[in-house]
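S.K.: Below is the file my_file-v7.pdb, which contains PDB, C-alpha atoms.
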```pdb
MODEL        1
ATOM      1  CA  MET G 561      93.025  43.628 118.323
ATOM      2  CA  THR G 562      93.386  47.040 116.704
ATOM      3  CA  GLU G 563      90.539  48.390 118.820
ATOM      4  CA  LEU G 564      92.148  47.003 121.956
ATOM      5  CA  ALA G 565      95.467  48.547 121.016
ATOM      6  CA  ASP G 566      93.816  51.899 120.376
ATOM      7  CA  PHE G 567      91.979  51.627 123.671
ATOM      8  CA  GLY G 568      95.200  50.820 125.507
ATOM      9  CA  ALA G 569      96.970  53.778 123.934
ATOM     10  CA  GLN G 570      94.108  56.084 124.884
ATOM     11  CA  MET G 571      94.121  54.773 128.446
ATOM     12  CA  THR G 572      97.876  55.238 128.736
ATOM     13  CA  ARG G 573      97.502  58.845 127.619
ATOM     14  CA  ILE G 574      94.712  59.547 130.112
ATOM     15  CA  ALA G 575      96.579  57.867 132.971
ATOM     16  CA  GLY G 576      99.655  59.953 132.174
ATOM     17  CA  GLU G 577      97.646  63.156 132.196
ATOM     18  CA  MET G 578      96.106  62.225 135.532
ATOM     19  CA  ARG G 579      99.491  61.515 137.081
ATOM     20  CA  LYS G 580     100.669  64.964 136.027
ATOM     21  CA  GLU G 581      97.567  66.958 136.885
ATOM     22  CA  SER G 582      95.697  65.300 139.732
ATOM     23  CA  ASP G 583      96.567  65.955 143.363
ATOM     24  CA  ASP G 584      93.538  64.100 144.713
ATOM     25  CA  THR G 585      93.378  60.300 144.934
ATOM     26  CA  GLU G 586      89.596  60.244 145.034
ATOM     27  CA  ALA G 587      89.304  62.536 142.015
ATOM     28  CA  ALA G 588      91.763  60.381 140.059
ATOM     29  CA  LEU G 589      89.885  57.187 140.859
ATOM     30  CA  ARG G 590      86.554  58.811 140.035
ATOM     31  CA  ALA G 591      87.784  59.942 136.630
ATOM     32  CA  MET G 592      89.196  56.513 135.781
ATOM     33  CA  THR G 593      86.070  54.739 137.007
ATOM     34  CA  LYS G 594      83.796  56.990 134.958
ATOM     35  CA  PHE G 595      85.930  56.252 131.924
ATOM     36  CA  ALA G 596      85.529  52.518 132.574
ATOM     37  CA  VAL G 597      81.731  52.800 132.487
ATOM     38  CA  ASP G 598      81.923  54.655 129.183
ATOM     39  CA  ALA G 599      84.496  52.364 127.601
ATOM     40  CA  VAL G 600      83.808  48.771 128.711
ATOM     41  CA  PRO G 601      80.979  47.075 126.794
ATOM     42  CA  GLY G 602      78.018  46.212 129.025
ATOM     43  CA  ALA G 603      78.995  48.447 131.962
ATOM     44  CA  GLU G 604      76.246  50.703 133.337
ATOM     45  CA  TYR G 605      77.489  51.387 136.870
ATOM     46  CA  ALA G 606      80.812  51.114 138.672
ATOM     47  CA  THR G 607      82.466  51.354 142.064
ATOM     48  CA  VAL G 608      85.880  51.081 143.633
ATOM     49  CA  THR G 609      85.871  48.940 146.778
ATOM     50  CA  LEU G 610      88.743  49.737 149.136
ATOM     51  CA  VAL G 611      89.744  47.419 151.995
ATOM     52  CA  THR G 612      92.084  48.902 154.611
ATOM     53  CA  LYS G 613      92.838  46.905 157.765
ATOM     54  CA  ASN G 614      89.510  45.039 157.440
ATOM     55  CA  VAL G 615      87.598  48.307 156.998
ATOM     56  CA  ILE G 616      85.566  48.281 153.773
ATOM     57  CA  GLU G 617      84.869  51.563 152.002
ATOM     58  CA  THR G 618      83.489  52.752 148.679
ATOM     59  CA  PRO G 619      85.456  55.931 147.907
ATOM     60  CA  VAL G 620      84.130  56.075 144.345
ATOM     61  CA  MET G 621      80.812  55.154 142.771
ATOM     62  CA  VAL G 622      79.335  55.876 139.362
ATOM     63  CA  GLY G 623      75.592  55.417 139.745
ATOM     64  CA  ASP G 624      73.585  54.668 142.864
ATOM     65  CA  LEU G 625      73.031  51.009 141.979
ATOM     66  CA  GLY G 626      76.738  50.280 142.193
ATOM     67  CA  GLY G 627      76.883  51.985 145.570
ATOM     68  CA  GLU G 628      73.982  49.852 146.778
ATOM     69  CA  ALA G 629      75.819  46.702 145.704
ATOM     70  CA  ASP G 630      78.844  47.734 147.784
ATOM     71  CA  ARG G 631      76.616  48.585 150.738
ATOM     72  CA  LEU G 632      75.080  45.105 150.639
ATOM     73  CA  GLN G 633      78.494  43.481 150.673
ATOM     74  CA  ARG G 634      79.616  45.543 153.652
ATOM     75  CA  GLU G 635      76.481  44.568 155.563
ATOM     76  CA  LEU G 636      76.571  40.884 154.593
ATOM     77  CA  GLY G 637      80.355  40.444 154.719
ATOM     78  CA  GLU G 638      80.347  38.602 151.403
ATOM     79  CA  GLY G 639      80.349  39.282 147.697
ATOM     80  CA  PRO G 640      82.416  39.424 144.508
ATOM     81  CA  CYS G 641      83.884  42.894 145.124
ATOM     82  CA  LEU G 642      85.336  41.843 148.467
ATOM     83  CA  ARG G 643      86.713  38.645 146.982
ATOM     84  CA  ALA G 644      88.299  40.425 144.021
ATOM     85  CA  ALA G 645      89.799  43.093 146.293
ATOM     86  CA  VAL G 646      91.806  40.567 148.291
ATOM     87  CA  GLY G 647      92.044  37.645 145.892
ATOM     88  CA  VAL G 648      94.182  39.054 143.071
ATOM     89  CA  SER G 649      91.677  37.716 140.560
ATOM     90  CA  THR G 650      88.916  38.722 138.174
ATOM     91  CA  ILE G 651      85.409  37.622 139.130
ATOM     92  CA  CYS G 652      82.462  37.606 136.765
ATOM     93  CA  ILE G 653      78.817  36.953 137.588
ATOM     94  CA  ASP G 654      76.852  36.219 134.421
ATOM     95  CA  ASP G 655      73.408  36.067 135.987
ATOM     96  CA  MET G 656      72.832  37.160 139.571
ATOM     97  CA  ARG G 657      69.664  35.027 139.739
ATOM     98  CA  GLU G 658      71.774  31.891 139.249
ATOM     99  CA  GLU G 659      74.791  32.848 141.381
ATOM    100  CA  SER G 660      75.578  30.333 144.153
ATOM    101  CA  ARG G 661      78.961  31.493 145.539
ATOM    102  CA  TRP G 662      77.473  34.356 147.567
ATOM    103  CA  PRO G 663      73.788  33.437 147.955
ATOM    104  CA  SER G 664      72.766  36.171 150.383
ATOM    105  CA  PHE G 665      74.374  38.894 148.329
ATOM    106  CA  ALA G 666      73.119  37.478 145.032
ATOM    107  CA  SER G 667      69.539  37.377 146.248
ATOM    108  CA  SER G 668      69.631  40.954 147.539
ATOM    109  CA  ALA G 669      71.492  42.308 144.494
ATOM    110  CA  SER G 670      69.063  40.598 142.157
ATOM    111  CA  ALA G 671      66.192  42.242 144.008
ATOM    112  CA  LEU G 672      67.845  45.616 143.304
ATOM    113  CA  GLY G 673      67.894  44.847 139.595
ATOM    114  CA  ILE G 674      71.565  43.950 139.202
ATOM    115  CA  ARG G 675      71.898  41.039 136.799
ATOM    116  CA  SER G 676      75.633  40.777 136.108
ATOM    117  CA  MET G 677      78.921  42.045 137.509
ATOM    118  CA  ALA G 678      82.618  42.033 136.678
ATOM    119  CA  CYS G 679      85.127  42.732 139.462
ATOM    120  CA  PHE G 680      88.822  43.335 138.851
ATOM    121  CA  TYR G 681      91.644  43.303 141.382
ATOM    122  CA  LEU G 682      93.181  46.753 141.699
ATOM    123  CA  TYR G 683      96.766  46.446 142.897
ATOM    124  CA  ILE G 684      97.755  49.018 145.518
ATOM    125  CA  ASP G 685     101.080  49.165 147.387
ATOM    126  CA  GLY G 686     101.039  48.779 151.155
ATOM    127  CA  ASP G 687      98.289  47.370 153.329
ATOM    128  CA  ASP G 688      95.385  48.549 151.164
ATOM    129  CA  SER G 689      93.624  46.351 148.638
ATOM    130  CA  ALA G 690      90.917  47.277 146.186
ATOM    131  CA  ALA G 691      88.685  46.197 143.344
ATOM    132  CA  LEU G 692      87.216  47.967 140.340
ATOM    133  CA  ASN G 693      83.641  46.732 139.926
ATOM    134  CA  LEU G 694      81.343  47.029 136.924
ATOM    135  CA  HIS G 695      77.593  46.400 137.101
ATOM    136  CA  SER G 696      74.815  45.834 134.587
ATOM    137  CA  THR G 697      71.051  45.406 134.713
ATOM    138  CA  GLU G 698      71.374  42.872 131.863
ATOM    139  CA  ALA G 699      72.371  39.233 132.319
ATOM    140  CA  HIS G 700      75.530  38.037 130.540
ATOM    141  CA  ALA G 701      76.542  41.661 129.936
ATOM    142  CA  PHE G 702      80.307  41.092 130.157
ATOM    143  CA  GLY G 703      81.849  39.016 127.391
ATOM    144  CA  ASP G 704      85.478  38.121 126.795
ATOM    145  CA  GLU G 705      86.295  41.510 125.271
ATOM    146  CA  ALA G 706      84.734  43.357 128.204
ATOM    147  CA  LEU G 707      86.711  41.289 130.705
ATOM    148  CA  LEU G 708      89.954  41.853 128.798
ATOM    149  CA  LEU G 709      89.316  45.589 128.637
ATOM    150  CA  GLY G 710      88.366  45.643 132.303
ATOM    151  CA  GLU G 711      91.610  43.949 133.337
ATOM    152  CA  LEU G 712      93.598  46.354 131.181
ATOM    153  CA  PHE G 713      91.696  49.248 132.650
ATOM    154  CA  ALA G 714      92.254  48.075 136.238
ATOM    155  CA  ALA G 715      95.997  47.857 135.625
ATOM    156  CA  HIS G 716      96.118  51.437 134.378
ATOM    157  CA  ALA G 717      93.815  52.654 137.141
ATOM    158  CA  ALA G 718      96.135  51.111 139.729
ATOM    159  CA  THR G 719      99.107  52.864 138.130
ATOM    160  CA  ALA G 720      97.341  56.227 138.232
ATOM    161  CA  PHE G 721      96.187  55.620 141.795
ATOM    162  CA  GLY G 722      99.695  54.744 142.926
ATOM    163  CA  ALA G 723     101.202  57.820 141.281
ATOM    164  CA  VAL G 724      98.683  60.172 142.857
ATOM    165  CA  LYS G 725      99.125  58.494 146.236
ATOM    166  CA  GLU G 726     102.892  59.016 145.972
ATOM    167  CA  LYS G 727     102.301  62.706 145.320
ATOM    168  CA  GLU G 728     100.050  62.929 148.366
ATOM    169  CA  GLN G 729     102.636  61.181 150.533
ATOM    170  CA  LEU G 730     105.393  63.468 149.256
ATOM    171  CA  ARG G 731     103.263  66.529 149.919
ATOM    172  CA  ALA G 732     102.506  65.277 153.436
ATOM    173  CA  ALA G 733     106.197  64.638 154.065
ATOM    174  CA  LEU G 734     107.086  68.134 152.890
ATOM    175  CA  GLY G 735     104.377  69.558 155.113
ATOM    176  CA  THR G 736     105.768  67.629 158.075
ATOM    177  CA  ARG G 737     109.260  68.920 157.362
ATOM    178  CA  ASP G 738     107.979  72.487 157.133
ATOM    179  CA  ILE G 739     106.069  72.376 160.432
ATOM    180  CA  ILE G 740     109.061  70.888 162.255
ATOM    181  CA  GLY G 741     111.281  73.551 160.709
ATOM    182  CA  GLN G 742     108.957  76.304 161.924
ATOM    183  CA  ALA G 743     108.915  74.862 165.442
ATOM    184  CA  LYS G 744     112.723  74.597 165.473
ATOM    185  CA  GLY G 745     113.034  78.215 164.393
ATOM    186  CA  MET G 746     110.714  79.386 167.160
ATOM    187  CA  ILE G 747     112.615  77.378 169.784
ATOM    188  CA  MET G 748     115.964  78.661 168.530
ATOM    189  CA  GLU G 749     114.768  82.264 168.736
ATOM    190  CA  ARG G 750     113.088  81.958 172.115
ATOM    191  CA  TYR G 751     115.731  79.912 173.955
ATOM    192  CA  GLY G 752     118.887  80.929 172.094
ATOM    193  CA  LEU G 753     119.609  77.386 170.873
ATOM    194  CA  ASP G 754     121.208  76.245 167.636
ATOM    195  CA  ALA G 755     119.391  74.025 165.127
ATOM    196  CA  ALA G 756     120.686  70.735 166.538
ATOM    197  CA  GLU G 757     119.821  71.715 170.108
ATOM    198  CA  ALA G 758     116.348  72.873 169.074
ATOM    199  CA  PHE G 759     115.660  69.567 167.327
ATOM    200  CA  ALA G 760     116.959  67.645 170.346
ATOM    201  CA  LEU G 761     114.536  69.592 172.547
ATOM    202  CA  LEU G 762     111.658  68.715 170.205
ATOM    203  CA  ALA G 763     112.661  65.060 170.272
ATOM    204  CA  ARG G 764     112.837  65.074 174.074
ATOM    205  CA  LEU G 765     109.367  66.652 174.313
ATOM    206  CA  SER G 766     108.052  64.023 171.921
ATOM    207  CA  GLN G 767     109.545  61.206 173.976
ATOM    208  CA  ASP G 768     108.508  62.572 177.370
ATOM    209  CA  THR G 769     104.899  63.215 176.300
ATOM    210  CA  ASN G 770     104.593  60.107 174.093
ATOM    211  CA  THR G 771     103.483  62.377 171.241
ATOM    212  CA  LYS G 772     104.538  62.248 167.603
ATOM    213  CA  LEU G 773     107.289  64.711 166.768
ATOM    214  CA  VAL G 774     105.194  66.448 164.111
ATOM    215  CA  ASP G 775     102.303  66.847 166.570
ATOM    216  CA  VAL G 776     104.606  68.423 169.164
ATOM    217  CA  ALA G 777     105.901  70.774 166.489
ATOM    218  CA  ALA G 778     102.366  71.684 165.416
ATOM    219  CA  GLN G 779     101.406  72.504 169.009
ATOM    220  CA  ILE G 780     104.426  74.786 169.371
ATOM    221  CA  VAL G 781     103.658  76.582 166.104
ATOM    222  CA  GLU G 782      99.982  76.930 166.997
ATOM    223  CA  ALA G 783     100.824  78.338 170.458
ATOM    224  CA  GLY G 784     102.994  81.020 168.874
ATOM    225  CA  PRO G 785     106.269  82.581 170.022
ATOM    226  CA  GLY G 786     105.088  83.321 173.546
ATOM    227  CA  ASP G 787     106.287  86.168 175.661
TER     228      ASP G 787
ENDMDL
END
```
Would it be possible to restate this file's structure as C-alpha coordinates?

M.R.:
Amino acid sequence: MTELADFGAQMTRIAGEMRKESDDTEAALRAMTKFAVDAVPGAEYATVTLVTKNVIETPVMVGDLGGEADRLQRELGEGPCLRAAVGVSTICIDDMREESRWPSFASSASALGIRSMACFYLYIDGDDSAALNLHSTEAHAFGDEALLLGELFAAHAATAFGAVKEKEQLRAALGTRDIIGQAKGMIMERYGLDAAEAFALLARLSQDTNTKLVDVAAQIVEAGPGD
(Lines of atoms letter the chains of each structure in order from A and count residues from 1; the text may use other names and numbers.)
(Lines give C-alpha, C1' and ligand atoms only; values in the text may rest on other atoms or scores of the structure.)
Protein backbone atom coordinates (compact mmCIF):
# COMPACT_ATOMS: atom_id res chain seq x y z
CA MET A 1 0.00 0.00 0.00
CA THR A 2 2.94 2.31 0.62
CA GLU A 3 4.01 1.98 -3.01
CA LEU A 4 0.49 2.78 -4.17
CA ALA A 5 0.36 5.80 -1.91
CA ASP A 6 3.71 7.02 -3.20
CA PHE A 7 2.55 6.45 -6.75
CA GLY A 8 -0.66 8.38 -6.12
CA ALA A 9 1.26 11.28 -4.61
CA GLN A 10 3.62 11.35 -7.58
CA MET A 11 0.71 11.28 -10.01
CA THR A 12 -1.05 14.10 -8.18
CA ARG A 13 2.10 16.21 -8.43
CA ILE A 14 2.50 15.53 -12.15
CA ALA A 15 -1.17 16.21 -12.87
CA GLY A 16 -0.92 19.51 -10.99
CA GLU A 17 2.13 20.55 -12.97
CA MET A 18 0.37 19.70 -16.22
CA ARG A 19 -2.68 21.74 -15.29
CA LYS A 20 -0.46 24.74 -14.65
CA GLU A 21 1.88 24.41 -17.61
CA SER A 22 0.11 22.70 -20.49
CA ASP A 23 -2.01 24.63 -22.97
CA ASP A 24 -2.46 21.66 -25.31
CA THR A 25 -4.94 18.85 -24.62
CA GLU A 26 -3.13 16.41 -26.87
CA ALA A 27 0.23 17.15 -25.27
CA ALA A 28 -1.25 16.68 -21.79
CA LEU A 29 -2.81 13.35 -22.70
CA ARG A 30 0.38 12.19 -24.39
CA ALA A 31 2.46 12.97 -21.32
CA MET A 32 0.05 11.18 -18.99
CA THR A 33 -0.23 8.18 -21.31
CA LYS A 34 3.55 7.85 -21.59
CA PHE A 35 3.76 7.95 -17.82
CA ALA A 36 1.20 5.13 -17.62
CA VAL A 37 3.34 2.88 -19.82
CA ASP A 38 6.35 3.54 -17.61
CA ALA A 39 4.50 3.14 -14.32
CA VAL A 40 1.90 0.36 -14.68
CA PRO A 41 3.35 -3.16 -14.41
CA GLY A 42 3.00 -5.14 -17.64
CA ALA A 43 2.23 -2.17 -19.91
CA GLU A 44 4.26 -1.96 -23.13
CA TYR A 45 2.02 0.20 -25.33
CA ALA A 46 -0.87 2.58 -24.74
CA THR A 47 -3.52 4.65 -26.47
CA VAL A 48 -6.32 7.02 -25.65
CA THR A 49 -9.51 6.23 -27.56
CA LEU A 50 -11.81 9.23 -27.93
CA VAL A 51 -15.46 8.89 -29.00
CA THR A 52 -17.21 12.11 -30.04
CA LYS A 53 -20.70 11.92 -31.56
CA ASN A 54 -20.03 8.35 -32.77
CA VAL A 55 -16.72 9.39 -34.34
CA ILE A 56 -13.84 7.27 -33.01
CA GLU A 57 -10.36 8.78 -32.85
CA THR A 58 -6.97 7.94 -31.37
CA PRO A 59 -5.48 11.32 -30.42
CA VAL A 60 -2.65 9.70 -28.46
CA MET A 61 -0.66 6.52 -28.93
CA VAL A 62 2.52 5.26 -27.31
CA GLY A 63 3.89 2.62 -29.66
CA ASP A 64 2.61 1.55 -33.06
CA LEU A 65 1.06 -1.68 -31.78
CA GLY A 66 -1.40 0.22 -29.62
CA GLY A 67 -2.34 2.38 -32.58
CA GLU A 68 -2.95 -0.74 -34.67
CA ALA A 69 -5.26 -2.11 -31.98
CA ASP A 70 -7.33 1.09 -32.11
CA ARG A 71 -7.38 1.00 -35.90
CA LEU A 72 -8.78 -2.54 -35.85
CA GLN A 73 -11.56 -1.51 -33.49
CA ARG A 74 -12.53 1.43 -35.67
CA GLU A 75 -12.69 -0.82 -38.73
CA LEU A 76 -14.53 -3.68 -37.00
CA GLY A 77 -16.78 -1.53 -34.80
CA GLU A 78 -16.04 -3.69 -31.77
CA GLY A 79 -13.45 -4.10 -29.06
CA PRO A 80 -12.55 -3.45 -25.43
CA CYS A 81 -11.42 0.16 -25.92
CA LEU A 82 -14.77 1.15 -27.41
CA ARG A 83 -16.65 -0.65 -24.67
CA ALA A 84 -14.59 0.93 -21.89
CA ALA A 85 -14.95 4.39 -23.46
CA VAL A 86 -18.74 4.33 -23.22
CA GLY A 87 -19.34 1.78 -20.49
CA VAL A 88 -17.87 3.48 -17.41
CA SER A 89 -16.01 0.29 -16.58
CA THR A 90 -12.59 -1.34 -16.57
CA ILE A 91 -12.09 -4.16 -19.07
CA CYS A 92 -9.24 -6.64 -18.93
CA ILE A 93 -8.31 -9.25 -21.52
CA ASP A 94 -5.95 -11.82 -20.01
CA ASP A 95 -5.22 -13.76 -23.18
CA MET A 96 -6.31 -12.46 -26.57
CA ARG A 97 -6.18 -16.00 -28.00
CA GLU A 98 -8.97 -17.05 -25.62
CA GLU A 99 -11.11 -13.89 -25.77
CA SER A 100 -14.72 -14.54 -26.84
CA ARG A 101 -16.49 -11.18 -26.25
CA TRP A 102 -15.08 -9.56 -29.40
CA PRO A 103 -14.04 -12.50 -31.60
CA SER A 104 -13.19 -10.57 -34.76
CA PHE A 105 -11.06 -8.07 -32.91
CA ALA A 106 -9.42 -10.71 -30.72
CA SER A 107 -8.39 -12.78 -33.71
CA SER A 108 -6.90 -9.81 -35.56
CA ALA A 109 -5.20 -8.38 -32.45
CA SER A 110 -3.71 -11.75 -31.62
CA ALA A 111 -2.29 -11.95 -35.12
CA LEU A 112 -0.55 -8.61 -34.46
CA GLY A 113 1.08 -10.04 -31.36
CA ILE A 114 -1.11 -8.43 -28.71
CA ARG A 115 -1.75 -10.92 -25.92
CA SER A 116 -3.40 -8.88 -23.16
CA MET A 117 -5.05 -5.51 -22.66
CA ALA A 118 -6.44 -3.35 -19.88
CA CYS A 119 -8.87 -0.55 -20.76
CA PHE A 120 -9.99 2.12 -18.30
CA TYR A 121 -12.89 4.52 -18.63
CA LEU A 122 -11.64 8.09 -18.84
CA TYR A 123 -14.34 10.47 -17.63
CA ILE A 124 -14.71 13.61 -19.73
CA ASP A 125 -17.37 16.31 -19.30
CA GLY A 126 -19.79 16.93 -22.15
CA ASP A 127 -20.57 14.67 -25.08
CA ASP A 128 -17.09 13.13 -25.37
CA SER A 129 -16.15 9.79 -23.88
CA ALA A 130 -12.77 8.12 -23.77
CA ALA A 131 -10.69 5.21 -22.58
CA LEU A 132 -7.07 4.81 -21.54
CA ASN A 133 -5.83 1.52 -22.98
CA LEU A 134 -2.74 -0.48 -22.05
CA HIS A 135 -1.36 -3.30 -24.20
CA SER A 136 1.14 -6.11 -23.72
CA THR A 137 2.68 -8.80 -25.88
CA GLU A 138 2.55 -11.14 -22.85
CA ALA A 139 -0.54 -13.03 -21.72
CA HIS A 140 -1.87 -12.30 -18.21
CA ALA A 141 0.29 -9.17 -18.06
CA PHE A 142 -2.09 -7.11 -15.91
CA GLY A 143 -2.59 -8.31 -12.36
CA ASP A 144 -4.65 -6.77 -9.57
CA GLU A 145 -2.00 -4.16 -8.76
CA ALA A 146 -1.74 -3.10 -12.40
CA LEU A 147 -5.51 -2.72 -12.69
CA LEU A 148 -5.67 -0.70 -9.47
CA LEU A 149 -2.86 1.57 -10.64
CA GLY A 150 -4.48 1.90 -14.06
CA GLU A 151 -7.80 3.00 -12.56
CA LEU A 152 -6.00 5.50 -10.33
CA PHE A 153 -4.05 6.74 -13.30
CA ALA A 154 -7.16 7.12 -15.47
CA ALA A 155 -8.83 9.22 -12.77
CA HIS A 156 -5.87 11.59 -12.63
CA ALA A 157 -5.54 11.67 -16.41
CA ALA A 158 -9.19 12.68 -16.69
CA THR A 159 -8.64 15.47 -14.17
CA ALA A 160 -5.66 16.80 -16.11
CA PHE A 161 -7.53 16.49 -19.39
CA GLY A 162 -10.51 18.38 -18.02
CA ALA A 163 -8.35 21.18 -16.64
CA VAL A 164 -6.49 21.66 -19.91
CA LYS A 165 -9.75 21.55 -21.86
CA GLU A 166 -11.16 24.29 -19.61
CA LYS A 167 -8.12 26.43 -20.36
CA GLU A 168 -8.61 25.89 -24.08
CA GLN A 169 -12.29 26.81 -23.84
CA LEU A 170 -11.47 29.93 -21.82
CA ARG A 171 -8.82 30.95 -24.33
CA ALA A 172 -11.28 30.41 -27.19
CA ALA A 173 -13.91 32.47 -25.38
CA LEU A 174 -11.44 35.30 -24.83
CA GLY A 175 -10.46 35.14 -28.48
CA THR A 176 -14.11 35.35 -29.49
CA ARG A 177 -14.63 38.36 -27.24
CA ASP A 178 -11.56 40.07 -28.69
CA ILE A 179 -12.59 39.57 -32.33
CA ILE A 180 -16.11 40.86 -31.64
CA GLY A 181 -14.62 43.84 -29.82
CA GLN A 182 -12.39 44.65 -32.80
CA ALA A 183 -15.34 44.43 -35.20
CA LYS A 184 -17.44 46.69 -32.95
CA GLY A 185 -14.65 49.26 -32.83
CA MET A 186 -14.34 49.29 -36.62
CA ILE A 187 -18.11 49.70 -37.06
CA MET A 188 -18.24 52.48 -34.46
CA GLU A 189 -15.45 54.37 -36.21
CA ARG A 190 -16.76 53.90 -39.73
CA TYR A 191 -20.47 54.56 -39.13
CA GLY A 192 -20.33 56.87 -36.11
CA LEU A 193 -22.25 54.46 -33.86
CA ASP A 194 -21.91 53.87 -30.13
CA ALA A 195 -20.96 50.47 -28.68
CA ALA A 196 -24.54 49.26 -28.21
CA GLU A 197 -25.55 50.29 -31.73
CA ALA A 198 -22.46 48.65 -33.22
CA PHE A 199 -23.21 45.38 -31.44
CA ALA A 200 -26.85 45.56 -32.55
CA LEU A 201 -25.66 45.95 -36.15
CA LEU A 202 -23.42 42.89 -35.78
CA ALA A 203 -26.30 40.90 -34.34
CA ARG A 204 -28.59 41.95 -37.19
CA LEU A 205 -25.97 40.93 -39.78
CA SER A 206 -25.60 37.59 -38.02
CA GLN A 207 -29.35 37.01 -38.05
CA ASP A 208 -29.92 38.16 -41.63
CA THR A 209 -27.07 36.05 -43.05
CA ASN A 210 -27.63 33.06 -40.74
CA THR A 211 -23.96 33.30 -39.73
CA LYS A 212 -22.47 32.99 -36.26
CA LEU A 213 -21.79 36.34 -34.64
CA VAL A 214 -18.08 35.61 -34.22
CA ASP A 215 -17.80 34.64 -37.90
CA VAL A 216 -19.45 37.90 -38.97
CA ALA A 217 -17.05 39.78 -36.73
CA ALA A 218 -14.06 37.91 -38.17
CA GLN A 219 -15.14 38.77 -41.72
CA ILE A 220 -15.41 42.46 -40.82
CA VAL A 221 -11.97 42.47 -39.18
CA GLU A 222 -10.42 40.58 -42.09
CA ALA A 223 -11.95 42.99 -44.64
CA GLY A 224 -10.40 45.94 -42.82
CA PRO A 225 -11.72 49.46 -42.21
CA GLY A 226 -12.70 50.11 -45.81
CA ASP A 227 -12.70 53.46 -47.47

S.K.: Show which residues sit within 10 Å of Val646 in chain G, as a PyMOL selection string. Count only C-alpha atoms, and ignore same-chain residues fewer than 5 positions away.

M.R.: chain G and resi 610-611+641+681-683+688-691

S.K.: Neighbouring residues of Ala714 in chain G were defined as those with any atom within 10 Å, considering all atoms listed in the file; residues of the same chain fewer than 5 positions away were excluded. Please report them as an mmCIF file with C-alpha atoms, in the frame of the given file.

M.R.:
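What follows is the written file out28.cif:
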```cif
data_model
loop_
_atom_site.group_PDB
_atom_site.id
_atom_site.type_symbol
_atom_site.label_atom_id
_atom_site.label_comp_id
_atom_site.auth_asym_id
_atom_site.auth_seq_id
_atom_site.Cartn_x
_atom_site.Cartn_y
_atom_site.Cartn_z
ATOM 1 C CA MET G 592 89.196 56.513 135.781
ATOM 2 C CA THR G 593 86.070 54.739 137.007
ATOM 3 C CA ALA G 596 85.529 52.518 132.574
ATOM 4 C CA CYS G 679 85.127 42.732 139.462
ATOM 5 C CA PHE G 680 88.822 43.335 138.851
ATOM 6 C CA TYR G 681 91.644 43.303 141.382
ATOM 7 C CA LEU G 682 93.181 46.753 141.699
ATOM 8 C CA TYR G 683 96.766 46.446 142.897
ATOM 9 C CA ALA G 691 88.685 46.197 143.344
ATOM 10 C CA LEU G 692 87.216 47.967 140.340
ATOM 11 C CA ASN G 693 83.641 46.732 139.926
ATOM 12 C CA LEU G 708 89.954 41.853 128.798
ATOM 13 C CA LEU G 709 89.316 45.589 128.637
ATOM 14 C CA THR G 719 99.107 52.864 138.130
ATOM 15 C CA ALA G 720 97.341 56.227 138.232
#
```

S.K.: What's around Ala760 in chain G at 12 Å? Count all atoms listed in the file, leave out sequence neighbours fewer than 2 positions away in its own chain, and write the answer as a VMD selection string.

M.R.: chain G and resid 740 743 to 744 747 to 748 753 to 758 762 to 767 773

S.K.: Find the distance between CA of Gln742 in chain G and CA of Asn770 in chain G and write it in Å to one decimal.

M.R.: 20.7 Å

S.K.: Do you have the CA of Phe665 in chain G-CA of Ala718 in chain G distance handy?

M.R.: 26.4 Å

S.K.: Find the spatial neighbours of Pro619 in chain G, counting all atoms listed in the file, within a cut-off of 9 Å - ignore same-chain residues fewer than 6 positions away - and output them as a PDB file with C-alpha atoms, in the frame of the given file.

M.R.:
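Okay, out_17.pdb is ready:
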```pdb
ATOM      1  CA  GLU G 586      89.596  60.244 145.034  1.00  0.00           C
ATOM      2  CA  LEU G 589      89.885  57.187 140.859  1.00  0.00           C
ATOM      3  CA  ARG G 590      86.554  58.811 140.035  1.00  0.00           C
ATOM      4  CA  THR G 607      82.466  51.354 142.064  1.00  0.00           C
ATOM      5  CA  VAL G 608      85.880  51.081 143.633  1.00  0.00           C
ATOM      6  CA  THR G 609      85.871  48.940 146.778  1.00  0.00           C
ATOM      7  CA  LEU G 610      88.743  49.737 149.136  1.00  0.00           C
TER       8      LEU G 610
END
```

S.K.: May I ask for the distance between CA of Ser670 in chain G and CA of Phe713 in chain G, given in Å to one decimal place?

M.R.: 26.0 Å

S.K.: Which residue is closest to Glu638 in chain G? Choose from G:Pro663, G:Gly710, G:Gly623, G:Gly752 and count all atoms listed in the file.

M.R.: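 Checking each candidate against Glu638 in chain G, we get G:Pro663 as the closest.
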
S.K.: Would you mind telling me which residue in G:Leu636, G:Leu694, G:Ile674, G:Ala599 lies nearest to Glu659 in chain G when using all atoms listed in the file?

M.R.: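 The shortest atom-to-atom distance to Glu659 in chain G comes from G:Ile674.
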
S.K.: Choose the residue, out of G:Ile653, G:Ala783, G:Met621, G:Val600, that has the smallest atom-to-atom separation from Ala587 in chain G; count all atoms listed in the file.

M.R.: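 Answer, going by the shortest atom-to-atom distance: G:Met621.
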
S.K.: Given the point (80.6, 43.2, 134.5) in the coordinates of this file, which residues lie within 9 Å, counting all atoms listed in the file, and how would they look as a PyMOL selection string?

M.R.: chain G and resi 600-604+606+651-654+676-679+693-696+700-703+706-707+710

S.K.: How about saving the chosen residues, C-alpha atoms kept, as a PDB file, keeping the file's coordinate frame?

M.R.:
```pdb
ATOM      1  CA  VAL G 600      83.808  48.771 128.711  1.00  0.00           C
ATOM      2  CA  PRO G 601      80.979  47.075 126.794  1.00  0.00           C
ATOM      3  CA  GLY G 602      78.018  46.212 129.025  1.00  0.00           C
ATOM      4  CA  ALA G 603      78.995  48.447 131.962  1.00  0.00           C
ATOM      5  CA  GLU G 604      76.246  50.703 133.337  1.00  0.00           C
ATOM      6  CA  ALA G 606      80.812  51.114 138.672  1.00  0.00           C
ATOM      7  CA  ILE G 651      85.409  37.622 139.130  1.00  0.00           C
ATOM      8  CA  CYS G 652      82.462  37.606 136.765  1.00  0.00           C
ATOM      9  CA  ILE G 653      78.817  36.953 137.588  1.00  0.00           C
ATOM     10  CA  ASP G 654      76.852  36.219 134.421  1.00  0.00           C
ATOM     11  CA  SER G 676      75.633  40.777 136.108  1.00  0.00           C
ATOM     12  CA  MET G 677      78.921  42.045 137.509  1.00  0.00           C
ATOM     13  CA  ALA G 678      82.618  42.033 136.678  1.00  0.00           C
ATOM     14  CA  CYS G 679      85.127  42.732 139.462  1.00  0.00           C
ATOM     15  CA  ASN G 693      83.641  46.732 139.926  1.00  0.00           C
ATOM     16  CA  LEU G 694      81.343  47.029 136.924  1.00  0.00           C
ATOM     17  CA  HIS G 695      77.593  46.400 137.101  1.00  0.00           C
ATOM     18  CA  SER G 696      74.815  45.834 134.587  1.00  0.00           C
ATOM     19  CA  HIS G 700      75.530  38.037 130.540  1.00  0.00           C
ATOM     20  CA  ALA G 701      76.542  41.661 129.936  1.00  0.00           C
ATOM     21  CA  PHE G 702      80.307  41.092 130.157  1.00  0.00           C
ATOM     22  CA  GLY G 703      81.849  39.016 127.391  1.00  0.00           C
ATOM     23  CA  ALA G 706      84.734  43.357 128.204  1.00  0.00           C
ATOM     24  CA  LEU G 707      86.711  41.289 130.705  1.00  0.00           C
ATOM     25  CA  GLY G 710      88.366  45.643 132.303  1.00  0.00           C
TER      26      GLY G 710
END
```
